[in-house]
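One structure is given here, and the rest of the page talks about it.
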Amino acid sequence: MTLLTATVVDPQFLREFAETRRFLAGRPEKPRFSPDGKSVFFLRSAAKDARQLLYEVDVATGQTKELLTPDSLLKGASETLSAAEKARLERQRVSARGFTSYQLSPDGSRLLVVLSGRLYVVERASGKVTQLKTGDGACIDPKFSPDGARVGYVRDFDVHVVDLMKNVEARVTIGGTDERPNGLAEFVAQEEMSRFSGFWFSPDGKAVVFQKTDHVGLERFGIADPMHPEAEVDRFFYPRPGKKNAAVALAIVPVGGGASVEVQWDRAAFPYVTTVKWPKAGALSVVVQNREQTKSLLLAVDPGTGRTTTLVTEEDAAWVNINQDVPAWLPDGSGFFWSTERDGGPALELRRADGSNPVTWVKPAARYRGENGLVGYEARSKTLYFLGGDDPTQALLFKVVDGGPVERVKTPSDGRAFETAVMADDGSAFVVTTTSTRAMPRSFVTKAGGGPVTELPSVAVEPSLKLNVELTTLPGPVAARAAIIRPSTFKKGTKYPVVLNVYGGPGHLEVIETTRENLVLQWLANQGFIVVKLDGRGTPRRGRDFERAIKFDFATLTAQDQVDGLRALGAKVPELDLARVGVYGWSFGGYMAALLAMAKGDVFKSAVAGAPVVDWRDYDTHYTERFLGLPEAQPKAYEVSSLLSYVKDAKRPLLLIHGTADDNVYFLHTLKLSDALFKAGKPHAVLPLSNFTHMVPDPLVTERLWERIATHFLETLSK
């Protein structure tokens, strides 16, 4: 039997991993074509710096130039972010600083960036930078109007615009307050629906449709900094299952002032606004959803009257997934692409403008990946591009011409890969970002019809560790996908303790063809473990029934699939010492790690649970009710899914880690579990991360955190 020591190896890698933002710093991010397709813009930081700069690549020559830096705008001042800006970046899972986004004017002549809550417009031809006169307060969600004449944003809870000819600000909406803001997406829209905007321009730029949110009566959670008790407490609106949600309405108002028009639908029956699109051609489109999330309506809105017409109805006995890619209107407005799972898995269909005559272009068998999978449509050749593939561990670029057969698009990827793609407006070229278990992400500009390929330049540090990873499909009816990460010094025939890296929940895959997500796990394996990962029922890209098997129960099937998968791996890999198994996870994975340690203590010897949801009655409405239903209607679902139900069975060492400023999974969850364990006489440890949120971007804390995780397993799995 291999004995472990409590001294971690290769601290240099861990330090580098932390200082490079997990080796993402220095790599191109958020590429976008100019309207004429001649340039590609992207953000990039230095190799060990969180501050991103803005760059431009000439597609024809491949030459790259630096367009704008944060220092050039701040002129020596420090970057500062308001609480609202920090919360927005947290919802988007953005840990970078400097330029975290940018906008391109419709004609491509100007760029818009935000820094320290202030807005700057850059003239591409001259390089001239103009700071917009926006008044006091941070500018949230800035964007050009479609005519390029204005920039709109939300400041002081109301929508404002700046006329770019005059550089004069005007208020568009009135009466916005903290409790009743105008133009801002509410918490669950940002956190759970991937909808980050709360106002949208009309195609001519003369009007906006905006969200009116009413938080009156909604609970507010306070986050104090325990290291600074003298500081003010930040308070956030947070809707818990079965309790009051934010009330959301939509209205249309002229940019130049005038009476607003209320958008009309049955808000009592369909309280959630999941998607809003106002295309150049086609209807102002709104997708609404009932609170149980079993029914969604695509509505066409008459901007003059606010009246709506239902174009599509989607229903599912479990839940209807949200997809922000659709409706994707054709350039002439004659129809739109729509995503549906009514035939057993995500599919793409083309419908007429009135929603009729659906024709399936991408069938479920093509494994269209759903949200963020529709790349674009080129109208002249009637070609639809999407990401998918029959292997859920991969995502590849495909095309369909005029509803014909699915074809693989040639890209710079080498063999198995996980791709994302951005298309030029005319479909002539793509930026394809590709990664695999053999390589970190690289981004290439590639012509749709073949030809020269230009790589967007990276200055990233390449990881010193090499992965020793194997992806496999396990036998049995579940056919779980699994990853096996062996130590670099692996010796066949030697027994190794095992660490299960778990997520196991909805909307996320652990076993995918990437390097970055596995690097720190390889470092952990090199301490003398075999690290394994499993994707069982409840995870996406395996069809409708596979994903929805967990309805009304987060605990039973998910836990059993992890145990069954672990045993199947033991039969496949005899070096796995199944008498010494630990489990680690974060967020839903933290919930699963704690669940497995307590409910399956005969299998798991120790656990580290990061930011776990403990009692689902304390998480947010939109996520929790989608899977578990309403608490008053499904009390058993909440009981069986609560970690508190398994405290009595706890017998293994459990380390709980949680950021005290987490505004997604609040610190109260770990405190609640610790309190219950303490009162039940169950030994455990708690590591609070002072003033950290759900993310841990600080390099030193990241380094110390993984040292502590490794030490926990070295100490508890040594014999």
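Chains: A, B, ... in order of the structure tokens. Residues: from 1 per chain. Ligands: from 1, in order shown.
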Run DSSP on the backbone of this structure and report the residues of stretch 431-602 of chain A it assigns to helix (DSSP H, G or I), as a ChimeraX atom specification. /A:516-525,544-548,556-572,588-599
Using only C-alpha atoms, find each residue in stretch 41-140 of chain A having at least one atom no more than 9 Å away from stretch 15-21 of chain A; report its shortest atom-to-atom pair and that distance in Å (one decimal), rows by chain then rising number, as JSON lines.
{"residue": "A:Ala46", "atom": "CA", "partner": "A:Thr20", "partner_atom": "CA", "distance": 8.9}
{"residue": "A:Ala47", "atom": "CA", "partner": "A:Thr20", "partner_atom": "CA", "distance": 6.1}
{"residue": "A:Lys48", "atom": "CA", "partner": "A:Thr20", "partner_atom": "CA", "distance": 4.8}
{"residue": "A:Asp49", "atom": "CA", "partner": "A:Thr20", "partner_atom": "CA", "distance": 7.0}
{"residue": "A:Ala50", "atom": "CA", "partner": "A:Arg21", "partner_atom": "CA", "distance": 7.5}
{"residue": "A:Ser95", "atom": "CA", "partner": "A:Arg21", "partner_atom": "CA", "distance": 8.2}
{"residue": "A:Ala96", "atom": "CA", "partner": "A:Arg21", "partner_atom": "CA", "distance": 8.4}
Can you list, as a count of residues only, every protein, DNA or RNA residue that comes within 10 Å of A:Arg416 when you count only C-alpha atoms, leaving out same-chain residues fewer than 4 positions away? 12
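Checking A:Glu123, A:Asp545, A:Glu79, A:Asp204 one by one against A:Ala317, counting only C-alpha atoms, you find the shortest gap at A:Asp545.
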Here is a test: counting only C-alpha atoms, which residue of A:Gln289, A:Gln12, A:Thr134, A:Thr420 is nearest to A:Glu703? A:Gln12
Could I get the residues of stretch 276-354 of chain A with an atom no further than 9 Å from an atom of stretch 367-389 of chain A, each paired with its nearest atom pair and that distance in Å to one decimal, using only C-alpha atoms, sorted by chain and residue number, as a Markdown table?
| residue | atom | partner | partner_atom | distance |
| --- | --- | --- | --- | --- |
| A:Asn321 | CA | A:Gly370 | CA | 8.9 |
| A:Ile322 | CA | A:Glu371 | CA | 7.5 |
| A:Asn323 | CA | A:Glu371 | CA | 4.7 |
| A:Gln324 | CA | A:Glu371 | CA | 6.1 |
| A:Asp325 | CA | A:Glu371 | CA | 6.0 |
| A:Val326 | CA | A:Leu374 | CA | 8.4 |
| A:Ala328 | CA | A:Gly376 | CA | 8.6 |
| A:Leu330 | CA | A:Ala379 | CA | 7.5 |
| A:Pro331 | CA | A:Ala379 | CA | 7.1 |
| A:Asp332 | CA | A:Ala379 | CA | 8.9 |
| A:Ser339 | CA | A:Gly370 | CA | 7.5 |
| A:Gly345 | CA | A:Arg367 | CA | 7.5 |
| A:Pro346 | CA | A:Tyr368 | CA | 6.0 |
| A:Ala347 | CA | A:Tyr368 | CA | 6.4 |
| A:Leu348 | CA | A:Tyr368 | CA | 7.8 |
With 9 Å as the cut-off and only C-alpha atoms counted, what is the closest atom pair between each nearby residue of stretch 527-569 of chain A and stretch 480-502 of chain A? Distances in Å to one decimal, ordered by chain and number, as a tab-separated table.
residue	atom	partner	partner_atom	distance
A:Gln527	CA	A:Pro487	CA	7.4
A:Gly528	CA	A:Pro487	CA	6.4
A:Phe529	CA	A:Pro497	CA	5.2
A:Ile530	CA	A:Arg486	CA	4.9
A:Val531	CA	A:Val499	CA	4.8
A:Val532	CA	A:Ile484	CA	4.7
A:Lys533	CA	A:Ala483	CA	5.0
A:Leu534	CA	A:Ala482	CA	4.5
A:Asp535	CA	A:Arg481	CA	5.3
A:Gly536	CA	A:Ala480	CA	5.0
A:Arg537	CA	A:Ala480	CA	7.8
A:Asp561	CA	A:Ala480	CA	7.8
A:Gln562	CA	A:Val502	CA	8.3
A:Gly565	CA	A:Ala480	CA	6.8
A:Leu566	CA	A:Leu500	CA	8.2
A:Leu569	CA	A:Ala482	CA	8.2
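Distances from A:Asp156, A:Glu186, A:Glu192, A:Glu455 to A:Val59 were compared using only C-alpha atoms, and the smallest one belongs to A:Glu455.
When the distance limit is 6 Å and only C-alpha atoms are what count, the residues near stretch 603-615 of chain A, minus those fewer than 3 positions from it on the same chain, are Val581, Gly582, Val583, Tyr584, Gly585, Trp586, Ser587, Gly590, Tyr591, Ala593, Ala594, Ala597, Lys600, Asp618, Ser642, Leu643, Arg652, Pro653, Leu654, Leu655, Leu656, Ile657, His658 and His669 of chain A.
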What is the atom CA of A:Ala249-atom CA of A:Ala189 distance in Å, reported with one decimal? 13.0 Å
Just list as a short mmCIF file (atom, residue, chain, number, x, y, z; two decimals) with N, CA, C and O atoms, in the first residue's frame whatever in stretch 252-468 of chain A DSSP marks as strand (DSSP E).
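Done, and the output landed in states30.cif:
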data_model
loop_
_atom_site.label_atom_id
_atom_site.label_comp_id
_atom_site.auth_asym_id
_atom_site.auth_seq_id
_atom_site.Cartn_x
_atom_site.Cartn_y
_atom_site.Cartn_z
N ILE A 252 -42.35 50.13 -23.64
CA ILE A 252 -41.66 50.71 -24.79
C ILE A 252 -41.80 52.22 -24.69
O ILE A 252 -42.89 52.74 -24.46
N VAL A 253 -40.68 52.94 -24.86
CA VAL A 253 -40.69 54.39 -24.72
C VAL A 253 -39.81 55.02 -25.79
O VAL A 253 -38.76 54.46 -26.13
N PRO A 254 -40.22 56.15 -26.38
CA PRO A 254 -39.36 56.83 -27.34
C PRO A 254 -38.10 57.36 -26.66
O PRO A 254 -38.14 57.82 -25.52
N VAL A 261 -45.50 52.64 -23.67
CA VAL A 261 -46.51 51.64 -24.00
C VAL A 261 -46.17 50.36 -23.25
O VAL A 261 -45.05 49.85 -23.36
N GLU A 262 -47.10 49.85 -22.49
CA GLU A 262 -46.88 48.62 -21.73
C GLU A 262 -47.03 47.40 -22.64
O GLU A 262 -47.97 47.32 -23.43
N TYR A 272 -42.00 35.08 -15.56
CA TYR A 272 -40.59 35.18 -15.94
C TYR A 272 -40.46 35.69 -17.37
O TYR A 272 -41.08 35.16 -18.30
N VAL A 273 -39.61 36.71 -17.56
CA VAL A 273 -39.20 37.16 -18.89
C VAL A 273 -37.81 36.59 -19.12
O VAL A 273 -36.84 37.04 -18.52
N THR A 274 -37.71 35.59 -19.97
CA THR A 274 -36.44 34.92 -20.15
C THR A 274 -35.60 35.52 -21.27
O THR A 274 -34.37 35.54 -21.18
N THR A 275 -36.25 36.01 -22.32
CA THR A 275 -35.53 36.46 -23.51
C THR A 275 -36.26 37.62 -24.16
O THR A 275 -37.50 37.62 -24.23
N VAL A 276 -35.51 38.62 -24.62
CA VAL A 276 -36.06 39.73 -25.41
C VAL A 276 -35.14 39.98 -26.58
O VAL A 276 -33.92 40.07 -26.41
N LYS A 277 -35.70 40.08 -27.78
CA LYS A 277 -34.93 40.39 -28.98
C LYS A 277 -35.74 41.35 -29.84
O LYS A 277 -36.93 41.15 -30.05
N LEU A 284 -40.54 42.30 -32.71
CA LEU A 284 -40.05 42.44 -31.34
C LEU A 284 -40.50 41.19 -30.60
O LEU A 284 -41.70 40.90 -30.51
N SER A 285 -39.54 40.41 -30.11
CA SER A 285 -39.84 39.06 -29.61
C SER A 285 -39.54 38.98 -28.12
O SER A 285 -38.48 39.41 -27.66
N VAL A 286 -40.47 38.38 -27.38
CA VAL A 286 -40.32 38.19 -25.95
C VAL A 286 -40.68 36.75 -25.62
O VAL A 286 -41.71 36.24 -26.07
N VAL A 287 -39.82 36.09 -24.85
CA VAL A 287 -40.12 34.74 -24.36
C VAL A 287 -40.45 34.85 -22.88
O VAL A 287 -39.66 35.40 -22.10
N VAL A 288 -41.62 34.33 -22.50
CA VAL A 288 -42.05 34.35 -21.11
C VAL A 288 -42.27 32.91 -20.64
O VAL A 288 -42.47 32.00 -21.45
N GLN A 289 -42.25 32.72 -19.33
CA GLN A 289 -42.27 31.37 -18.77
C GLN A 289 -43.10 31.37 -17.49
O GLN A 289 -43.09 32.35 -16.73
N LYS A 295 -43.78 25.61 -19.04
CA LYS A 295 -44.39 26.16 -20.25
C LYS A 295 -43.76 27.51 -20.58
O LYS A 295 -43.59 28.36 -19.69
N SER A 296 -43.40 27.69 -21.84
CA SER A 296 -42.84 28.95 -22.32
C SER A 296 -43.61 29.40 -23.56
O SER A 296 -44.03 28.56 -24.38
N LEU A 297 -43.75 30.69 -23.70
CA LEU A 297 -44.40 31.28 -24.87
C LEU A 297 -43.44 32.22 -25.57
O LEU A 297 -42.79 33.05 -24.91
N LEU A 298 -43.35 32.11 -26.89
CA LEU A 298 -42.67 33.12 -27.70
C LEU A 298 -43.73 34.09 -28.20
O LEU A 298 -44.66 33.69 -28.92
N LEU A 299 -43.59 35.35 -27.79
CA LEU A 299 -44.57 36.37 -28.12
C LEU A 299 -44.01 37.37 -29.12
O LEU A 299 -42.85 37.78 -29.01
N ALA A 300 -44.83 37.74 -30.11
CA ALA A 300 -44.52 38.86 -30.99
C ALA A 300 -45.25 40.08 -30.48
O ALA A 300 -46.46 40.02 -30.20
N VAL A 301 -44.52 41.19 -30.34
CA VAL A 301 -45.07 42.40 -29.73
C VAL A 301 -45.31 43.46 -30.79
O VAL A 301 -44.44 43.73 -31.64
N THR A 308 -49.65 41.50 -27.77
CA THR A 308 -48.77 40.39 -28.12
C THR A 308 -49.57 39.27 -28.80
O THR A 308 -50.76 39.08 -28.54
N THR A 309 -48.85 38.55 -29.65
CA THR A 309 -49.39 37.37 -30.33
C THR A 309 -48.45 36.21 -30.05
O THR A 309 -47.23 36.34 -30.18
N THR A 310 -49.01 35.07 -29.69
CA THR A 310 -48.19 33.89 -29.41
C THR A 310 -47.77 33.23 -30.71
O THR A 310 -48.61 32.84 -31.53
N LEU A 311 -46.43 33.11 -30.90
CA LEU A 311 -45.89 32.47 -32.09
C LEU A 311 -45.58 31.00 -31.85
O LEU A 311 -45.79 30.16 -32.73
N VAL A 312 -45.05 30.67 -30.68
CA VAL A 312 -44.68 29.29 -30.36
C VAL A 312 -45.00 29.03 -28.89
O VAL A 312 -44.78 29.90 -28.04
N THR A 313 -45.49 27.85 -28.61
CA THR A 313 -45.68 27.38 -27.23
C THR A 313 -44.82 26.15 -27.02
O THR A 313 -44.87 25.20 -27.81
N GLU A 314 -43.99 26.18 -25.98
CA GLU A 314 -43.17 25.02 -25.62
C GLU A 314 -43.62 24.52 -24.25
O GLU A 314 -43.77 25.30 -23.31
N GLU A 315 -43.84 23.19 -24.14
CA GLU A 315 -44.26 22.60 -22.87
C GLU A 315 -43.43 21.35 -22.59
O GLU A 315 -43.04 20.63 -23.51
N ALA A 328 -33.86 33.27 -33.57
CA ALA A 328 -32.85 33.87 -34.45
C ALA A 328 -33.54 34.21 -35.76
O ALA A 328 -33.78 33.32 -36.60
N TRP A 329 -33.88 35.48 -35.94
CA TRP A 329 -34.65 35.91 -37.10
C TRP A 329 -33.79 35.94 -38.36
O TRP A 329 -32.61 36.29 -38.31
N GLY A 335 -38.84 34.75 -41.36
CA GLY A 335 -38.95 33.60 -40.49
C GLY A 335 -37.88 33.64 -39.42
O GLY A 335 -37.10 34.60 -39.33
N PHE A 336 -37.82 32.57 -38.61
CA PHE A 336 -36.83 32.54 -37.55
C PHE A 336 -36.50 31.09 -37.21
O PHE A 336 -37.30 30.17 -37.40
N PHE A 337 -35.29 30.91 -36.71
CA PHE A 337 -34.89 29.61 -36.18
C PHE A 337 -35.30 29.52 -34.71
O PHE A 337 -35.24 30.51 -33.97
N TRP A 338 -35.71 28.32 -34.33
CA TRP A 338 -36.21 28.09 -32.98
C TRP A 338 -35.63 26.78 -32.47
O TRP A 338 -35.42 25.83 -33.23
N SER A 339 -35.37 26.72 -31.17
CA SER A 339 -34.83 25.52 -30.55
C SER A 339 -35.93 24.83 -29.74
O SER A 339 -36.67 25.49 -29.01
N THR A 340 -36.03 23.51 -29.89
CA THR A 340 -37.05 22.76 -29.18
C THR A 340 -36.48 21.41 -28.75
O THR A 340 -35.55 20.90 -29.36
N ALA A 347 -33.15 20.43 -30.78
CA ALA A 347 -33.23 20.47 -32.24
C ALA A 347 -33.41 21.91 -32.68
O ALA A 347 -33.86 22.76 -31.90
N LEU A 348 -33.06 22.20 -33.92
CA LEU A 348 -33.25 23.53 -34.49
C LEU A 348 -34.22 23.43 -35.66
O LEU A 348 -34.05 22.59 -36.55
N GLU A 349 -35.23 24.29 -35.64
CA GLU A 349 -36.21 24.29 -36.71
C GLU A 349 -36.39 25.70 -37.25
O GLU A 349 -36.19 26.69 -36.54
N LEU A 350 -36.75 25.78 -38.51
CA LEU A 350 -37.04 27.06 -39.16
C LEU A 350 -38.55 27.22 -39.24
O LEU A 350 -39.26 26.32 -39.72
N ARG A 351 -39.04 28.36 -38.79
CA ARG A 351 -40.47 28.66 -38.81
C ARG A 351 -40.74 29.93 -39.61
O ARG A 351 -39.86 30.79 -39.74
N ARG A 352 -41.94 30.04 -40.10
CA ARG A 352 -42.36 31.29 -40.75
C ARG A 352 -42.49 32.39 -39.70
O ARG A 352 -42.50 32.14 -38.50
N VAL A 359 -39.99 23.51 -39.79
CA VAL A 359 -39.22 22.55 -40.57
C VAL A 359 -37.91 22.29 -39.83
O VAL A 359 -37.12 23.23 -39.61
N THR A 360 -37.67 21.06 -39.42
CA THR A 360 -36.48 20.74 -38.64
C THR A 360 -35.24 20.75 -39.52
O THR A 360 -35.18 20.02 -40.52
N TRP A 361 -34.26 21.56 -39.17
CA TRP A 361 -32.98 21.62 -39.88
C TRP A 361 -31.93 20.78 -39.16
O TRP A 361 -31.07 20.19 -39.79
N VAL A 362 -31.96 20.79 -37.84
CA VAL A 362 -30.98 20.04 -37.05
C VAL A 362 -31.76 19.14 -36.10
O VAL A 362 -32.42 19.62 -35.18
N LEU A 374 -25.77 27.95 -31.38
CA LEU A 374 -26.13 28.45 -32.69
C LEU A 374 -25.14 29.54 -33.07
O LEU A 374 -25.13 30.62 -32.48
N VAL A 375 -24.30 29.27 -34.07
CA VAL A 375 -23.19 30.17 -34.41
C VAL A 375 -23.65 31.28 -35.34
O VAL A 375 -23.27 32.44 -35.17
N GLY A 376 -24.45 30.95 -36.35
CA GLY A 376 -24.90 31.98 -37.27
C GLY A 376 -25.57 31.41 -38.51
O GLY A 376 -25.56 30.19 -38.75
N TYR A 377 -26.16 32.31 -39.29
CA TYR A 377 -26.84 31.94 -40.52
C TYR A 377 -26.39 32.86 -41.63
O TYR A 377 -26.39 34.08 -41.49
N GLU A 378 -25.98 32.26 -42.75
CA GLU A 378 -25.57 33.03 -43.93
C GLU A 378 -26.68 32.91 -44.96
O GLU A 378 -26.96 31.82 -45.48
N THR A 383 -27.13 28.84 -45.29
CA THR A 383 -26.31 27.94 -44.50
C THR A 383 -26.40 28.30 -43.02
O THR A 383 -26.14 29.44 -42.64
N LEU A 384 -26.75 27.32 -42.22
CA LEU A 384 -26.83 27.47 -40.77
C LEU A 384 -25.63 26.78 -40.15
O LEU A 384 -25.31 25.63 -40.48
N TYR A 385 -24.94 27.47 -39.24
CA TYR A 385 -23.78 26.92 -38.55
C TYR A 385 -24.12 26.73 -37.08
O TYR A 385 -24.73 27.61 -36.45
N PHE A 386 -23.70 25.58 -36.53
CA PHE A 386 -23.98 25.31 -35.13
C PHE A 386 -22.89 24.42 -34.54
O PHE A 386 -22.10 23.80 -35.26
N LEU A 387 -22.86 24.36 -33.20
CA LEU A 387 -21.93 23.51 -32.47
C LEU A 387 -22.67 22.30 -31.93
O LEU A 387 -23.78 22.42 -31.41
N GLY A 388 -22.06 21.14 -32.07
CA GLY A 388 -22.69 19.93 -31.58
C GLY A 388 -21.80 18.73 -31.78
O GLY A 388 -20.58 18.82 -31.70
N LEU A 396 -18.16 20.47 -31.74
CA LEU A 396 -17.53 20.70 -33.03
C LEU A 396 -18.44 21.56 -33.90
O LEU A 396 -19.65 21.61 -33.69
N LEU A 397 -17.85 22.23 -34.88
CA LEU A 397 -18.59 23.14 -35.76
C LEU A 397 -19.17 22.36 -36.94
O LEU A 397 -18.44 21.67 -37.66
N PHE A 398 -20.48 22.50 -37.13
CA PHE A 398 -21.19 21.85 -38.22
C PHE A 398 -21.98 22.89 -39.01
O PHE A 398 -22.20 24.01 -38.55
N LYS A 399 -22.45 22.46 -40.19
CA LYS A 399 -23.31 23.33 -40.99
C LYS A 399 -24.42 22.51 -41.63
O LYS A 399 -24.30 21.29 -41.83
N VAL A 400 -25.51 23.21 -41.94
CA VAL A 400 -26.63 22.64 -42.67
C VAL A 400 -26.99 23.63 -43.77
O VAL A 400 -27.20 24.82 -43.49
N VAL A 401 -27.03 23.17 -45.01
CA VAL A 401 -27.37 24.03 -46.14
C VAL A 401 -28.82 23.78 -46.53
O VAL A 401 -29.18 22.66 -46.93
N VAL A 406 -26.44 17.30 -42.27
CA VAL A 406 -25.46 17.95 -41.40
C VAL A 406 -24.06 17.62 -41.89
O VAL A 406 -23.74 16.46 -42.18
N GLU A 407 -23.21 18.67 -42.01
CA GLU A 407 -21.84 18.47 -42.48
C GLU A 407 -20.87 19.08 -41.47
O GLU A 407 -21.11 20.15 -40.92
N ARG A 408 -19.76 18.41 -41.25
CA ARG A 408 -18.69 18.92 -40.40
C ARG A 408 -17.95 20.01 -41.14
O ARG A 408 -17.63 19.88 -42.32
N PHE A 418 -12.87 20.51 -28.32
CA PHE A 418 -14.01 21.27 -27.83
C PHE A 418 -13.88 22.67 -28.44
O PHE A 418 -12.94 23.40 -28.12
N GLU A 419 -14.80 23.01 -29.34
CA GLU A 419 -14.69 24.25 -30.11
C GLU A 419 -15.78 25.24 -29.71
O GLU A 419 -16.88 24.86 -29.31
N THR A 420 -15.46 26.52 -29.85
CA THR A 420 -16.45 27.59 -29.91
C THR A 420 -16.17 28.38 -31.18
O THR A 420 -15.07 28.31 -31.74
N ALA A 421 -17.16 29.11 -31.67
CA ALA A 421 -16.97 29.80 -32.94
C ALA A 421 -17.76 31.10 -32.97
O ALA A 421 -18.85 31.19 -32.42
N VAL A 422 -17.17 32.10 -33.63
CA VAL A 422 -17.81 33.39 -33.88
C VAL A 422 -17.78 33.61 -35.38
O VAL A 422 -16.73 33.46 -36.01
N MET A 423 -18.91 33.98 -35.97
CA MET A 423 -19.01 34.12 -37.42
C MET A 423 -19.01 35.58 -37.84
O MET A 423 -19.60 36.43 -37.15
N ALA A 429 -16.11 34.09 -42.83
CA ALA A 429 -15.01 33.64 -41.98
C ALA A 429 -15.51 33.40 -40.57
O ALA A 429 -16.61 33.85 -40.19
N PHE A 430 -14.68 32.70 -39.80
CA PHE A 430 -14.99 32.40 -38.40
C PHE A 430 -13.75 32.63 -37.57
O PHE A 430 -12.62 32.51 -38.06
N VAL A 431 -13.97 32.94 -36.29
CA VAL A 431 -12.92 32.75 -35.31
C VAL A 431 -13.29 31.49 -34.54
O VAL A 431 -14.34 31.43 -33.87
N VAL A 432 -12.46 30.48 -34.69
CA VAL A 432 -12.69 29.20 -34.02
C VAL A 432 -11.68 29.08 -32.88
O VAL A 432 -10.47 29.15 -33.12
N THR A 433 -12.19 28.94 -31.68
CA THR A 433 -11.33 28.69 -30.53
C THR A 433 -11.42 27.21 -30.20
O THR A 433 -12.52 26.68 -30.01
N THR A 434 -10.28 26.55 -30.17
CA THR A 434 -10.27 25.10 -30.00
C THR A 434 -9.34 24.70 -28.86
O THR A 434 -8.29 25.30 -28.66
N THR A 435 -9.78 23.71 -28.12
CA THR A 435 -8.97 23.14 -27.05
C THR A 435 -9.23 21.64 -27.02
O THR A 435 -10.16 21.13 -27.64
N SER A 436 -8.40 20.93 -26.29
CA SER A 436 -8.55 19.49 -26.14
C SER A 436 -7.77 19.07 -24.91
O SER A 436 -7.17 19.90 -24.22
N ALA A 439 -4.14 20.23 -25.61
CA ALA A 439 -3.71 21.60 -25.84
C ALA A 439 -4.64 22.59 -25.16
O ALA A 439 -5.85 22.36 -25.07
N MET A 440 -4.07 23.70 -24.70
CA MET A 440 -4.83 24.81 -24.16
C MET A 440 -5.54 25.53 -25.31
O MET A 440 -5.24 25.31 -26.48
N PRO A 441 -6.50 26.42 -24.99
CA PRO A 441 -7.25 27.09 -26.05
C PRO A 441 -6.37 27.91 -26.98
O PRO A 441 -5.47 28.64 -26.54
N ARG A 442 -6.64 27.78 -28.28
CA ARG A 442 -6.03 28.61 -29.31
C ARG A 442 -7.14 29.11 -30.22
O ARG A 442 -8.10 28.38 -30.50
N SER A 443 -7.02 30.34 -30.70
CA SER A 443 -8.06 30.96 -31.52
C SER A 443 -7.52 31.25 -32.91
O SER A 443 -6.45 31.84 -33.06
N PHE A 444 -8.30 30.84 -33.93
CA PHE A 444 -7.88 30.96 -35.32
C PHE A 444 -8.96 31.67 -36.12
O PHE A 444 -10.15 31.42 -35.96
N VAL A 445 -8.52 32.56 -37.03
CA VAL A 445 -9.41 33.13 -38.04
C VAL A 445 -9.31 32.22 -39.26
O VAL A 445 -8.23 32.01 -39.80
N THR A 446 -10.44 31.64 -39.64
CA THR A 446 -10.44 30.70 -40.75
C THR A 446 -11.54 31.05 -41.73
O THR A 446 -12.65 31.43 -41.33
N LYS A 447 -11.25 30.96 -43.02
CA LYS A 447 -12.22 31.26 -44.06
C LYS A 447 -13.24 30.13 -44.16
O LYS A 447 -12.91 28.95 -44.04
N VAL A 453 -5.18 30.49 -42.78
CA VAL A 453 -5.65 30.54 -41.40
C VAL A 453 -4.71 31.44 -40.61
O VAL A 453 -3.49 31.31 -40.70
N THR A 454 -5.28 32.37 -39.85
CA THR A 454 -4.49 33.27 -39.02
C THR A 454 -4.80 32.99 -37.56
O THR A 454 -5.97 32.96 -37.17
N GLU A 455 -3.77 32.81 -36.76
CA GLU A 455 -3.98 32.58 -35.33
C GLU A 455 -3.95 33.91 -34.59
O GLU A 455 -3.05 34.73 -34.80
#
Can you check which parts of stretch 49-107 of chain A lie within 6 Å of stretch 40-45 of chain A? Per residue, the shortest pair of atoms and distance in Å to one decimal, counting only C-alpha atoms, sorted by chain and number, as JSON lines.
{"residue": "A:Asp49", "atom": "CA", "partner": "A:Ser45", "partner_atom": "CA", "distance": 6.0}
{"residue": "A:Arg51", "atom": "CA", "partner": "A:Ser45", "partner_atom": "CA", "distance": 5.5}
{"residue": "A:Gln52", "atom": "CA", "partner": "A:Ser45", "partner_atom": "CA", "distance": 4.1}
{"residue": "A:Leu53", "atom": "CA", "partner": "A:Arg44", "partner_atom": "CA", "distance": 5.4}
{"residue": "A:Leu54", "atom": "CA", "partner": "A:Leu43", "partner_atom": "CA", "distance": 4.8}
{"residue": "A:Tyr55", "atom": "CA", "partner": "A:Phe42", "partner_atom": "CA", "distance": 5.4}
{"residue": "A:Glu56", "atom": "CA", "partner": "A:Phe41", "partner_atom": "CA", "distance": 4.4}
{"residue": "A:Val57", "atom": "CA", "partner": "A:Val40", "partner_atom": "CA", "distance": 5.1}
So that I can check the surroundings of A:Lys212, please list as number ranges by chain every protein, DNA and RNA residue that reaches within 6 Å of it, counting only C-alpha atoms and ignoring chain neighbours fewer than 2 positions away. A: 182, 248-250
Resulting file, chosen residues, N, CA, C and O atoms, as a CSV table (one decimal), in the first residue's frame:
chain,number,residue,atom,x,y,z
A,182,ASN,N,-35.4,50.6,-13.4
A,182,ASN,CA,-35.8,50.5,-14.8
A,182,ASN,C,-34.6,50.1,-15.6
A,182,ASN,O,-33.5,50.6,-15.4
A,248,VAL,N,-41.8,41.4,-12.9
A,248,VAL,CA,-41.1,42.0,-14.0
A,248,VAL,C,-42.2,42.4,-15.1
A,248,VAL,O,-43.1,41.6,-15.4
A,249,ALA,N,-42.1,43.6,-15.6
A,249,ALA,CA,-42.9,44.1,-16.7
A,249,ALA,C,-42.0,44.7,-17.8
A,249,ALA,O,-40.8,44.9,-17.5
A,250,LEU,N,-42.6,44.9,-18.9
A,250,LEU,CA,-41.8,45.5,-20.0
A,250,LEU,C,-42.7,46.7,-20.6
A,250,LEU,O,-43.9,46.7,-20.6
